[in-house]
file data29.txt (compact mmCIF, C-alpha atoms and all ligand atoms)
# COMPACT_ATOMS: atom_id res chain seq x y z
CA MET P 1 0.00 0.00 0.00
CA PRO P 2 1.40 3.43 -0.82
CA ARG P 3 2.15 5.65 2.14
CA MET P 4 -0.61 8.14 2.57
CA PRO P 5 0.04 11.72 3.50
CA ILE P 6 -0.01 12.15 7.28
CA ARG P 7 -2.58 14.94 7.10
CA THR P 8 -5.32 12.73 5.72
CA ILE P 9 -4.63 9.76 7.94
CA ARG P 10 -4.34 11.53 11.26
CA PRO P 11 -7.99 11.16 12.34
CA PHE P 12 -7.90 7.41 11.91
CA ARG P 13 -5.09 6.60 14.29
CA PHE P 14 -3.10 4.90 11.58
CA THR P 15 -0.09 2.81 12.50
CA ARG P 16 3.15 4.50 11.60
CA THR P 17 5.19 1.58 10.35
CA LYS P 18 8.26 3.42 9.06
CA GLY P 19 9.45 6.59 10.69
CA PRO P 20 10.12 9.54 8.39
CA THR P 21 13.78 9.64 9.48
CA GLU P 22 14.53 6.03 8.66
CA PRO P 23 17.44 5.97 6.16
CA MET P 24 17.23 4.06 2.92
CA SER P 25 19.78 1.24 2.64
CA LYS P 26 22.90 1.93 0.55
CA ASP P 27 22.46 -0.91 -1.94
CA LYS P 28 19.19 0.63 -3.07
CA GLU P 29 21.07 3.76 -4.20
CA PRO P 30 19.97 4.64 -7.78
CA HIS P 31 22.57 4.69 -10.56
CA ASP P 32 21.80 7.85 -12.51
CA LYS P 33 23.07 11.16 -11.19
CA ALA P 34 19.82 13.10 -11.17
CA ALA P 35 18.07 10.44 -9.17
CA ARG P 36 20.96 10.32 -6.67
CA ARG P 37 20.75 14.07 -6.21
CA LYS P 38 17.02 13.79 -5.67
CA LEU P 39 17.56 11.10 -3.10
CA ARG P 40 20.16 13.17 -1.21
CA ARG P 41 17.72 16.05 -1.05
CA ALA P 42 14.99 13.72 0.11
CA ARG P 43 17.25 12.43 2.89
CA LYS P 44 17.94 15.93 4.09
CA VAL P 45 14.24 16.59 4.21
CA SER P 46 13.61 13.36 6.01
CA GLN P 47 16.23 14.26 8.61
CA ARG P 48 14.31 17.44 9.19
CA GLY P 49 11.25 15.28 9.41
CA PRO P 50 10.41 15.63 13.08
CA ALA P 51 10.51 19.41 12.84
CA ARG P 52 8.15 19.37 9.87
CA GLN P 53 5.83 17.15 11.75
CA LYS P 54 5.91 19.13 14.92
CA ASP P 55 2.15 19.22 15.25
CA TRP P 56 1.85 15.57 14.83
CA ASP P 57 4.60 14.64 17.24
CA ARG P 58 3.42 16.98 19.92
CA ARG P 59 0.35 14.84 20.11
CA LEU P 60 2.41 11.72 20.59
CA THR P 61 2.51 11.23 24.34
CA PRO P 62 3.71 7.77 25.40
CA GLU P 63 0.10 6.77 25.88
CA THR P 64 -1.17 7.82 22.49
CA ALA P 65 1.90 6.30 20.86
CA GLU P 66 0.97 2.93 22.25
CA ASP P 67 -2.59 3.52 21.25
CA LEU P 68 -1.39 4.15 17.71
CA ALA P 69 0.25 0.76 17.65
CA THR P 70 -3.10 -0.98 17.78
CA PRO P 71 -4.88 -1.49 14.48
CA PRO P 72 -7.50 1.23 14.00
CA GLU P 73 -11.07 0.35 13.10
CA ARG P 74 -10.35 1.26 9.50
CA MET P 75 -7.75 -1.47 9.13
CA ILE P 76 -9.83 -4.20 10.71
CA SER P 77 -11.79 -5.81 7.97
CA ARG P 78 -15.50 -5.63 8.57
CA ARG P 79 -15.61 -9.33 8.11
CA ASP P 80 -13.03 -9.88 10.76
CA ARG P 81 -14.52 -12.64 12.80
CA ARG P 82 -12.13 -11.84 15.60
CA HIS P 83 -13.74 -8.47 16.09
CA ARG P 84 -14.60 -9.19 19.68
CA GLU P 85 -11.10 -10.37 20.56
CA VAL P 86 -9.72 -7.15 19.11
CA ASN P 87 -12.04 -5.19 21.35
CA LEU P 88 -11.06 -7.12 24.41
CA ALA P 89 -7.38 -6.75 23.57
CA ARG P 90 -7.87 -3.02 23.27
CA ASP P 91 -9.63 -2.95 26.60
CA LEU P 92 -6.68 -4.74 28.11
CA LEU P 93 -4.41 -2.08 26.68
CA HIS P 94 -6.58 0.62 28.22
CA GLU P 95 -6.26 -1.18 31.52
CA GLN P 96 -2.46 -1.34 31.23
CA GLN P 97 -2.29 2.31 30.36
CA ALA P 98 -4.43 3.18 33.32
CA GLN P 99 -2.12 1.13 35.55
CA GLN P 100 0.94 2.90 34.19
CA ALA P 101 -0.71 6.15 35.08
CA GLY P 102 -0.10 5.34 38.71
CA GLU P 103 -1.39 3.37 41.59
CA VAL P 104 -5.00 3.69 42.55
CA PRO P 105 -4.99 5.88 45.64
CA PRO P 106 -5.90 4.25 48.93
CA GLY P 107 -9.53 4.72 49.80
CA ALA P 108 -10.72 4.11 46.24
CA ALA P 109 -14.14 2.52 46.10
CA ARG P 110 -15.66 0.14 43.62
CA GLY P 111 -18.78 0.76 41.61
CA VAL P 112 -20.70 0.02 38.43
CA VAL P 113 -21.43 2.68 35.79
CA THR P 114 -25.18 3.08 35.49
CA GLU P 115 -25.50 6.00 33.11
CA ILE P 116 -23.31 8.21 30.94
CA ILE P 117 -24.18 11.87 31.48
CA PRO P 118 -22.61 15.03 30.05
CA GLY P 119 -19.13 15.37 31.51
CA GLY P 120 -19.11 12.08 33.36
CA CYS P 121 -21.24 9.24 34.56
CA LEU P 122 -23.41 7.97 37.37
CA VAL P 123 -22.03 5.08 39.37
CA ASP P 124 -23.87 2.66 41.63
CA SER P 125 -21.70 1.98 44.66
CA ALA P 126 -23.29 -0.33 47.21
CA GLY P 127 -26.73 1.05 46.47
CA THR P 128 -25.75 4.74 46.40
CA SER P 129 -25.70 6.75 43.19
CA VAL P 130 -22.42 8.68 42.85
CA ARG P 131 -21.75 11.30 40.18
CA CYS P 132 -18.26 10.72 38.77
CA VAL P 133 -15.90 12.41 36.36
CA LEU P 134 -13.03 10.73 34.55
CA ARG P 135 -9.46 11.13 35.75
CA GLY P 136 -7.55 13.21 33.16
CA LEU P 137 -5.57 10.40 31.61
CA LEU P 138 -8.60 8.19 31.08
CA LYS P 139 -10.28 11.12 29.39
CA SER P 140 -7.38 11.46 26.97
CA LEU P 141 -8.05 7.92 25.77
CA GLU P 142 -11.50 8.84 24.56
CA THR P 143 -11.73 8.69 20.81
CA ARG P 144 -14.42 9.49 18.33
CA GLU P 145 -14.95 5.79 17.87
CA ARG P 146 -15.00 4.73 21.41
CA ASN P 147 -15.94 5.74 24.92
CA VAL P 148 -13.55 4.82 27.70
CA VAL P 149 -16.42 4.04 30.02
CA ALA P 150 -19.67 2.42 29.05
CA VAL P 151 -22.76 1.54 31.03
CA GLY P 152 -22.04 -1.66 32.95
CA ASP P 153 -18.34 -1.03 33.44
CA ASP P 154 -16.80 -1.99 36.77
CA ILE P 155 -14.72 0.93 37.97
CA LEU P 156 -12.60 2.14 40.87
CA TYR P 157 -13.14 5.72 41.97
CA SER P 158 -11.87 8.16 44.57
CA PRO P 159 -14.79 9.59 46.50
CA LEU P 160 -14.84 13.38 46.77
CA ASP P 161 -17.90 13.29 49.01
CA THR P 162 -20.77 10.84 49.41
CA GLN P 163 -22.27 11.78 46.06
CA ALA P 164 -19.29 12.64 43.88
CA GLY P 165 -16.03 11.03 42.81
CA VAL P 166 -13.28 10.67 40.24
CA ILE P 167 -12.93 7.47 38.22
CA GLU P 168 -9.39 6.14 38.58
CA ARG P 169 -9.61 2.93 36.69
CA VAL P 170 -11.91 0.94 34.44
CA LEU P 171 -11.60 -2.75 35.28
CA PRO P 172 -11.28 -5.27 32.43
CA ARG P 173 -14.51 -6.07 30.65
CA ARG P 174 -16.05 -9.53 30.64
CA SER P 175 -18.19 -8.78 27.60
CA VAL P 176 -18.99 -5.94 25.25
CA LEU P 177 -22.32 -5.44 23.60
CA SER P 178 -22.00 -3.21 20.59
CA ARG P 179 -24.08 -2.18 17.67
CA LYS P 180 -23.40 -0.70 14.33
CA TYR P 181 -24.36 2.92 14.26
CA ALA P 182 -23.46 5.23 11.36
CA GLU P 183 -21.11 2.51 10.10
CA ARG P 184 -19.20 2.52 13.38
CA GLU P 185 -19.15 0.39 16.43
CA HIS P 186 -21.10 1.79 19.34
CA VAL P 187 -20.56 0.09 22.68
CA VAL P 188 -24.06 -0.20 24.08
CA ALA P 189 -23.02 -1.75 27.36
CA ALA P 190 -20.24 -3.71 29.02
CA ASN P 191 -20.28 -6.77 31.26
CA ILE P 192 -23.79 -7.81 30.37
CA ASP P 193 -24.48 -11.48 31.08
CA GLN P 194 -27.66 -12.18 29.19
CA LEU P 195 -30.03 -10.95 26.54
CA VAL P 196 -33.69 -11.37 27.45
CA VAL P 197 -35.71 -11.59 24.26
CA VAL P 198 -39.24 -10.47 25.13
CA VAL P 199 -42.08 -11.65 22.92
CA SER P 200 -45.83 -11.60 23.51
CA VAL P 201 -48.45 -14.26 22.93
CA SER P 202 -50.43 -11.71 20.91
CA ALA P 203 -50.51 -7.97 20.23
CA PRO P 204 -47.96 -8.24 18.68
CA PRO P 205 -47.86 -11.95 17.83
CA ILE P 206 -44.68 -14.00 18.11
CA ARG P 207 -42.30 -13.63 15.17
CA THR P 208 -39.83 -16.47 15.27
CA GLY P 209 -37.63 -14.84 12.62
CA LEU P 210 -37.01 -11.98 14.99
CA ILE P 211 -36.32 -14.30 17.92
CA ASP P 212 -33.72 -16.15 15.86
CA ARG P 213 -32.07 -12.89 14.89
CA TYR P 214 -31.75 -11.89 18.55
CA LEU P 215 -30.44 -15.30 19.53
CA VAL P 216 -27.69 -15.05 16.93
CA ALA P 217 -26.88 -11.46 17.94
CA ALA P 218 -26.62 -12.49 21.59
CA GLU P 219 -24.33 -15.41 20.98
CA ASN P 220 -22.21 -13.41 18.59
CA GLY P 221 -21.78 -10.89 21.40
CA GLY P 222 -20.88 -13.59 23.92
CA LEU P 223 -24.15 -13.26 25.82
CA ARG P 224 -26.43 -15.99 27.06
CA ALA P 225 -29.90 -15.67 25.56
CA VAL P 226 -33.22 -16.39 27.22
CA ILE P 227 -36.71 -15.97 25.84
CA LEU P 228 -39.46 -14.39 27.88
CA VAL P 229 -43.02 -14.90 26.65
CA ASN P 230 -45.30 -12.19 28.03
CA LYS P 231 -49.10 -11.63 28.01
CA ILE P 232 -49.96 -15.25 28.74
CA ASP P 233 -53.23 -13.87 30.19
CA LEU P 234 -54.35 -13.33 26.60
CA ALA P 235 -54.27 -17.06 25.82
CA PRO P 236 -55.10 -18.91 29.03
CA GLY P 237 -52.44 -21.50 29.39
CA GLU P 238 -53.38 -25.07 28.53
CA ALA P 239 -50.24 -27.02 27.65
CA GLY P 240 -51.27 -27.39 24.01
CA SER P 241 -51.48 -23.64 23.27
CA PRO P 242 -49.89 -22.76 19.94
CA TYR P 243 -47.34 -20.43 21.55
CA ARG P 244 -46.19 -23.17 23.92
CA GLU P 245 -45.69 -25.42 20.92
CA VAL P 246 -43.61 -22.74 19.20
CA MET P 247 -41.50 -22.37 22.33
CA ARG P 248 -40.94 -26.11 22.58
CA THR P 249 -38.54 -25.83 19.61
CA TYR P 250 -36.38 -23.39 21.59
CA VAL P 251 -36.52 -25.41 24.79
CA ASP P 252 -35.38 -28.47 22.81
CA LEU P 253 -32.48 -26.42 21.44
CA GLY P 254 -31.40 -25.67 24.99
CA TYR P 255 -32.55 -22.07 25.36
CA GLY P 256 -34.12 -20.92 28.61
CA VAL P 257 -37.78 -19.97 28.15
CA ALA P 258 -39.99 -18.31 30.79
CA PHE P 259 -43.68 -17.36 30.61
CA CYS P 260 -45.35 -14.47 32.39
CA SER P 261 -48.03 -11.83 32.44
CA ALA P 262 -47.13 -8.33 33.54
CA VAL P 263 -50.85 -7.68 34.04
CA THR P 264 -51.83 -10.62 36.26
CA GLY P 265 -48.38 -11.13 37.77
CA GLU P 266 -48.40 -14.82 36.84
CA GLY P 267 -44.91 -16.21 36.27
CA LEU P 268 -43.08 -13.13 37.57
CA ASP P 269 -41.28 -15.20 40.20
CA SER P 270 -39.66 -17.26 37.47
CA VAL P 271 -38.65 -14.01 35.73
CA ARG P 272 -36.97 -12.88 38.98
CA ASP P 273 -35.10 -16.18 39.05
CA VAL P 274 -33.89 -15.58 35.51
CA LEU P 275 -32.65 -12.07 36.34
CA ARG P 276 -31.33 -12.52 39.88
CA GLY P 277 -27.62 -11.76 40.35
CA LYS P 278 -27.02 -11.11 36.66
CA SER P 279 -26.79 -8.15 34.40
CA SER P 280 -29.45 -8.44 31.72
CA ILE P 281 -30.59 -6.53 28.71
CA PHE P 282 -34.17 -6.63 27.42
CA ALA P 283 -34.81 -6.64 23.71
CA GLY P 284 -37.78 -7.28 21.51
CA GLN P 285 -40.44 -5.66 19.39
CA SER P 286 -42.14 -2.61 20.78
CA GLY P 287 -45.41 -3.39 22.53
CA THR P 288 -44.39 -6.82 23.82
CA GLY P 289 -44.40 -5.43 27.38
CA LYS P 290 -40.76 -4.86 28.32
CA SER P 291 -41.52 -1.73 30.34
CA SER P 292 -44.57 -3.31 31.92
CA ILE P 293 -42.57 -6.33 33.05
CA LEU P 294 -39.87 -4.16 34.62
CA ASN P 295 -42.47 -2.09 36.44
CA ALA P 296 -44.33 -5.18 37.60
CA LEU P 297 -41.08 -6.68 38.93
CA GLN P 298 -40.14 -3.58 40.84
CA PRO P 299 -42.67 -0.75 40.93
CA GLY P 300 -41.09 2.58 40.10
CA LEU P 301 -37.96 0.99 38.65
CA ARG P 302 -38.01 3.13 35.57
CA LEU P 303 -38.71 6.28 37.56
CA ARG P 304 -35.31 6.08 39.19
CA VAL P 305 -33.80 8.32 36.56
CA GLY P 306 -36.51 10.91 37.31
CA GLU P 307 -35.58 10.91 41.01
CA ILE P 308 -31.96 11.66 40.22
CA SER P 309 -32.79 14.62 38.05
CA GLU P 310 -35.18 15.92 40.69
CA SER P 311 -32.29 16.14 43.14
CA THR P 312 -30.43 18.35 40.68
CA ARG P 313 -33.63 20.39 40.17
CA LYS P 314 -33.61 19.99 36.44
CA GLY P 315 -37.20 18.89 36.20
CA ILE P 316 -38.35 15.68 34.62
CA HIS P 317 -35.52 13.78 33.04
CA THR P 318 -36.66 12.86 29.56
CA THR P 319 -33.40 11.19 28.69
CA THR P 320 -32.99 8.59 26.04
CA ASN P 321 -29.70 7.57 27.66
CA ILE P 322 -28.81 3.96 28.12
CA THR P 323 -29.18 3.24 31.83
CA LEU P 324 -28.42 0.37 34.14
CA LEU P 325 -31.24 -0.19 36.63
CA PRO P 326 -30.27 -1.90 39.91
CA LEU P 327 -32.76 -4.61 40.93
CA GLU P 328 -33.81 -4.94 44.58
CA PHE P 329 -33.55 -8.71 44.44
CA GLY P 330 -30.00 -8.57 43.02
CA GLY P 331 -28.72 -7.88 39.53
CA TYR P 332 -29.14 -5.15 36.96
CA VAL P 333 -31.23 -4.50 33.89
CA VAL P 334 -30.00 -2.30 31.06
CA ASP P 335 -32.60 0.02 29.68
CA THR P 336 -31.87 1.04 26.11
CA PRO P 337 -34.59 3.44 24.99
CA GLY P 338 -34.71 3.72 21.25
CA ILE P 339 -32.30 0.85 20.65
CA ARG P 340 -34.19 -2.35 20.17
CA GLU P 341 -32.35 -3.59 17.14
CA PHE P 342 -28.89 -4.98 17.42
CA ALA P 343 -26.98 -5.30 14.19
CA LEU P 344 -25.05 -8.50 13.70
CA TRP P 345 -21.85 -6.57 14.11
CA GLY P 346 -18.70 -8.34 12.97
CA LEU P 347 -20.49 -11.57 12.08
CA ALA P 348 -19.14 -13.29 8.97
CA LYS P 349 -21.53 -15.16 6.70
CA GLU P 350 -19.53 -18.35 6.96
CA ASP P 351 -19.81 -18.35 10.76
CA LEU P 352 -23.58 -18.12 10.78
CA PRO P 353 -24.24 -21.92 10.71
CA HIS P 354 -22.40 -22.25 14.02
CA PHE P 355 -24.98 -20.05 15.71
CA PHE P 356 -27.68 -22.58 14.87
CA PRO P 357 -26.98 -25.37 17.35
CA GLU P 358 -29.18 -27.88 15.48
CA PHE P 359 -26.98 -27.51 12.35
CA GLU P 360 -23.81 -28.49 14.14
CA HIS P 361 -24.23 -32.23 13.62
CA TYR P 362 -24.46 -31.83 9.83
CA LEU P 363 -21.74 -29.28 9.20
CA GLY P 364 -18.78 -30.55 7.23
CA ARG P 365 -20.81 -33.44 5.81
CA CYS P 366 -22.25 -31.68 2.75
CA ARG P 367 -21.13 -32.79 -0.71
CA LEU P 368 -19.57 -29.46 -1.60
CA ARG P 369 -16.78 -27.96 0.43
CA GLY P 370 -17.76 -24.47 1.49
CA CYS P 371 -21.46 -25.34 1.20
CA THR P 372 -23.52 -22.37 2.37
CA HIS P 373 -26.54 -24.64 3.05
CA THR P 374 -28.78 -22.29 1.11
CA HIS P 375 -29.09 -23.89 -2.36
CA GLU P 376 -26.33 -26.42 -2.99
CA PRO P 377 -26.98 -30.01 -4.13
CA GLY P 378 -26.07 -32.70 -1.63
CA CYS P 379 -26.52 -30.39 1.36
CA GLU P 380 -26.94 -32.35 4.57
CA VAL P 381 -28.56 -29.43 6.39
CA LYS P 382 -31.24 -29.16 3.71
CA ALA P 383 -31.75 -32.90 3.82
CA ALA P 384 -32.26 -32.68 7.58
CA VAL P 385 -34.87 -29.97 7.05
CA GLU P 386 -36.71 -32.13 4.51
CA GLU P 387 -36.63 -35.11 6.85
CA GLY P 388 -38.02 -33.01 9.71
CA ARG P 389 -34.89 -33.12 11.85
CA ILE P 390 -34.42 -29.35 11.61
CA HIS P 391 -37.40 -27.04 12.05
CA PRO P 392 -38.29 -25.46 8.67
CA GLU P 393 -38.89 -22.03 10.25
CA ARG P 394 -35.47 -22.07 11.85
CA TYR P 395 -34.01 -22.97 8.47
CA ASP P 396 -35.95 -20.06 6.89
CA SER P 397 -34.48 -17.75 9.51
CA TYR P 398 -31.02 -19.02 8.66
CA CYS P 399 -31.49 -18.34 4.94
CA ARG P 400 -32.87 -14.87 5.59
CA LEU P 401 -30.05 -13.98 7.97
CA TYR P 402 -27.52 -15.38 5.54
CA GLU P 403 -28.84 -13.09 2.83
CA SER P 404 -28.76 -10.07 5.13
CA LEU P 405 -25.07 -10.50 5.99
CA GLU P 406 -22.35 -9.08 3.83
P1 LIG P 501 -42.77 -2.22 25.45
O1 LIG P 501 -42.90 -1.38 24.22
O2 LIG P 501 -42.19 -3.56 25.12
O3 LIG P 501 -42.06 -1.57 26.57
O4 LIG P 501 -44.28 -2.55 25.92
P2 LIG P 501 -45.14 -1.86 27.06
O5 LIG P 501 -44.68 -2.28 28.39
O6 LIG P 501 -45.24 -0.40 26.79
O7 LIG P 501 -46.54 -2.54 26.80
C1 LIG P 501 -47.29 -2.41 25.61
C2 LIG P 501 -48.76 -2.65 25.86
O8 LIG P 501 -48.98 -4.00 26.23
C3 LIG P 501 -49.32 -1.79 26.97
O9 LIG P 501 -50.58 -1.34 26.57
C4 LIG P 501 -49.45 -2.74 28.13
O10 LIG P 501 -50.50 -2.40 28.99
C5 LIG P 501 -49.70 -4.05 27.46
N1 LIG P 501 -49.23 -5.19 28.25
C6 LIG P 501 -48.00 -5.34 28.78
N2 LIG P 501 -47.88 -6.51 29.41
C7 LIG P 501 -49.08 -7.14 29.28
C8 LIG P 501 -49.59 -8.40 29.72
O11 LIG P 501 -48.94 -9.20 30.39
N3 LIG P 501 -50.88 -8.70 29.36
C9 LIG P 501 -51.63 -7.85 28.65
N4 LIG P 501 -52.88 -8.22 28.36
N5 LIG P 501 -51.19 -6.65 28.22
C10 LIG P 501 -49.93 -6.30 28.52
ZN ZN P 502 -24.80 -27.72 3.21
call {"tool": "encode", "arguments": {"input": "data29.txt", "output": "structure tokens", "more": "lines below"}}
Ligand code: GDP
Ligand code: ZN
result
Amino acid sequence: MPRMPIRTIRPFRFTRTKGPTEPMSKDKEPHDKAARRKLRRARKVSQRGPARQKDWDRRLTPETAEDLATPPERMISRRDRRHREVNLARDLLHEQQAQQAGEVPPGAARGVVTEIIPGGCLVDSAGTSVRCVLRGLLKSLETRERNVVAVGDDILYSPLDTQAGVIERVLPRRSVLSRKYAEREHVVAANIDQLVVVVSVSAPPIRTGLIDRYLVAAENGGLRAVILVNKIDLAPGEAGSPYREVMRTYVDLGYGVAFCSAVTGEGLDSVRDVLRGKSSIFAGQSGTGKSSILNALQPGLRLRVGEISESTRKGIHTTTNITLLPLEFGGYVVDTPGIREFALWGLAKEDLPHFFPEFEHYLGRCRLRGCTHTHEPGCEVKAAVEEGRIHPERYDSYCRLYESLE
């Protein structure tokens, strides 16, 4: 690849592979005179290099230099199936940089980021909400592409008083949930354990295609997925109800399925069991009852944000911020207003079959190597569908998802 002028590449944190002052080896010296003269002049210029690039180098603190050594988003192919590993590696680097910045002062407390607010974030520390700002160095690591702290991050902070503090360190992330937004990665939340896919018996009816999409998105993001069927009051629950039959497929595949009604309260205890002690995110079509379930589990849960803003006398908080809601019975729920769709970020077409557990047995047995299981002759997956060993609707979902991926 030809070297690009520094000016155009600066915003993308490009790796500088060869320094501008690096001399050319002697044996590459050109033979004709004019070219040699040109080269000598070029060398002189290159020796002046650092001065010419003053602006650029002034920005190169030891921290940003190390940051530059990691491949920028631009260089990671969109199909890179190791996308998640790259993220985690980068997080590790952030952690190392934070450690180099100095020891965490004694008296630092631990907390979980519950909301990102202008100029900082809110942190839940043993049940108290603390308003925190970022320590200077951490702030300098913020890039256009990426926030240093995300909702769900475990952090260490120095308390200033009971309600304010300074974040000293972001602890390594266990998982990262991201979405594609304006062709970039947006970290929705960190350290989330499970995705709760909420569907309703009716109004709106169950769409298995959508469930399958969420299941794939969850597993691709390293999250456990569970399905929560709401509004069971609308189809009083004999065992043979159509929706129970639909859910049998998912139970057989090994997914956790719970049934409830936010209106009658039936099944809410099993929902508490699903959520207890974990950090969960709710997803699903609008109108399936996600808000109603949260309010039924813990009345006033979603008003918590309003309380906070009341204390700062800013009136009703009509934020669309992503927030982490602490549950009384243990655990957290991420509320993501306006974000109900998660793109299948970083998922390669050829990896898709592995997210369908029932395909696993047949993979590698098709006649053609590199069979996509969509149209090829001698496809074992298709044969299994025809023989009723794979559910046809699941196979339809696979084909549709396959088409939607790049
Ligand atoms: P969200 O968009 O997923 O947050 O859904 P909402 O919680 O706003 O609920 C959408 C509608 O479904 C509201 O009119 C609720 O009253 C209704 N609803 C929610 N849960 C239930 C339920 O268990 N049974 C019935 N019959 N209606 C429900
Ligand atoms: Zn095949």
call {"tool": "closest_residue", "arguments": {"input": "data29.txt", "among": "P:Leu215, P:Ala258, P:Leu195, P:Ala203", "to": "ligand LIG 501 (chain P)", "atoms": "all atoms listed in the file"}}
result
P:Ala203
call {"tool": "residues_around", "arguments": {"input": "data29.txt", "residues": "Leu363 of chain P", "least_positions_apart": "3", "cutoff": "10 Å", "atoms": "all atoms listed in the file", "output": "list in words"}}
result
Pro353, His354, Glu358, Phe359, Glu360, Cys366, Gly370, Cys371, Thr372, His373, Cys379, Glu380 and Val381 of chain P
call {"tool": "residues_around", "arguments": {"input": "data29.txt", "residues": "Lys290 of chain P", "least_positions_apart": "6", "cutoff": "10 Å", "atoms": "all atoms listed in the file", "output": "PyMOL selection string"}}
result
chain P and resi 196-200+228+230+262+282-284+296+335
call {"tool": "write_last_selection", "arguments": {"input": "data29.txt", "atoms": "C-alpha atoms", "output": "PDB file, in the frame of the given file"}}
result
ATOM      1  CA  VAL P 196     -33.690 -11.370  27.450  1.00  0.00           C
ATOM      2  CA  VAL P 197     -35.710 -11.590  24.260  1.00  0.00           C
ATOM      3  CA  VAL P 198     -39.240 -10.470  25.130  1.00  0.00           C
ATOM      4  CA  VAL P 199     -42.080 -11.650  22.920  1.00  0.00           C
ATOM      5  CA  SER P 200     -45.830 -11.600  23.510  1.00  0.00           C
ATOM      6  CA  LEU P 228     -39.460 -14.390  27.880  1.00  0.00           C
ATOM      7  CA  ASN P 230     -45.300 -12.190  28.030  1.00  0.00           C
ATOM      8  CA  ALA P 262     -47.130  -8.330  33.540  1.00  0.00           C
ATOM      9  CA  PHE P 282     -34.170  -6.630  27.420  1.00  0.00           C
ATOM     10  CA  ALA P 283     -34.810  -6.640  23.710  1.00  0.00           C
ATOM     11  CA  GLY P 284     -37.780  -7.280  21.510  1.00  0.00           C
ATOM     12  CA  ALA P 296     -44.330  -5.180  37.600  1.00  0.00           C
ATOM     13  CA  ASP P 335     -32.600   0.020  29.680  1.00  0.00           C
TER      14      ASP P 335
END
call {"tool": "axis_aligned_box", "arguments": {"input": "data29.txt", "around": "ligand LIG 501 (chain P)", "padding_each_side": "8 Å", "output": "lines of an AutoDock Vina configuration file"}}
result
center_x = -47.5
center_y = -4.8
center_z = 27.3
size_x = 26.8
size_y = 24.8
size_z = 22.2
call {"tool": "atom_distance", "arguments": {"input": "data29.txt", "atom1": "atom CA of Ala348 of chain P", "atom2": "atom CA of Val229 of chain P"}}
result
29.8 Å
call {"tool": "residues_around", "arguments": {"input": "data29.txt", "residues": "segment 159-166 of chain P", "least_positions_apart": "4", "cutoff": "8 Å", "atoms": "only C-alpha atoms", "output": "VMD selection string"}}
result
chain P and resid 107 to 109 128 to 135
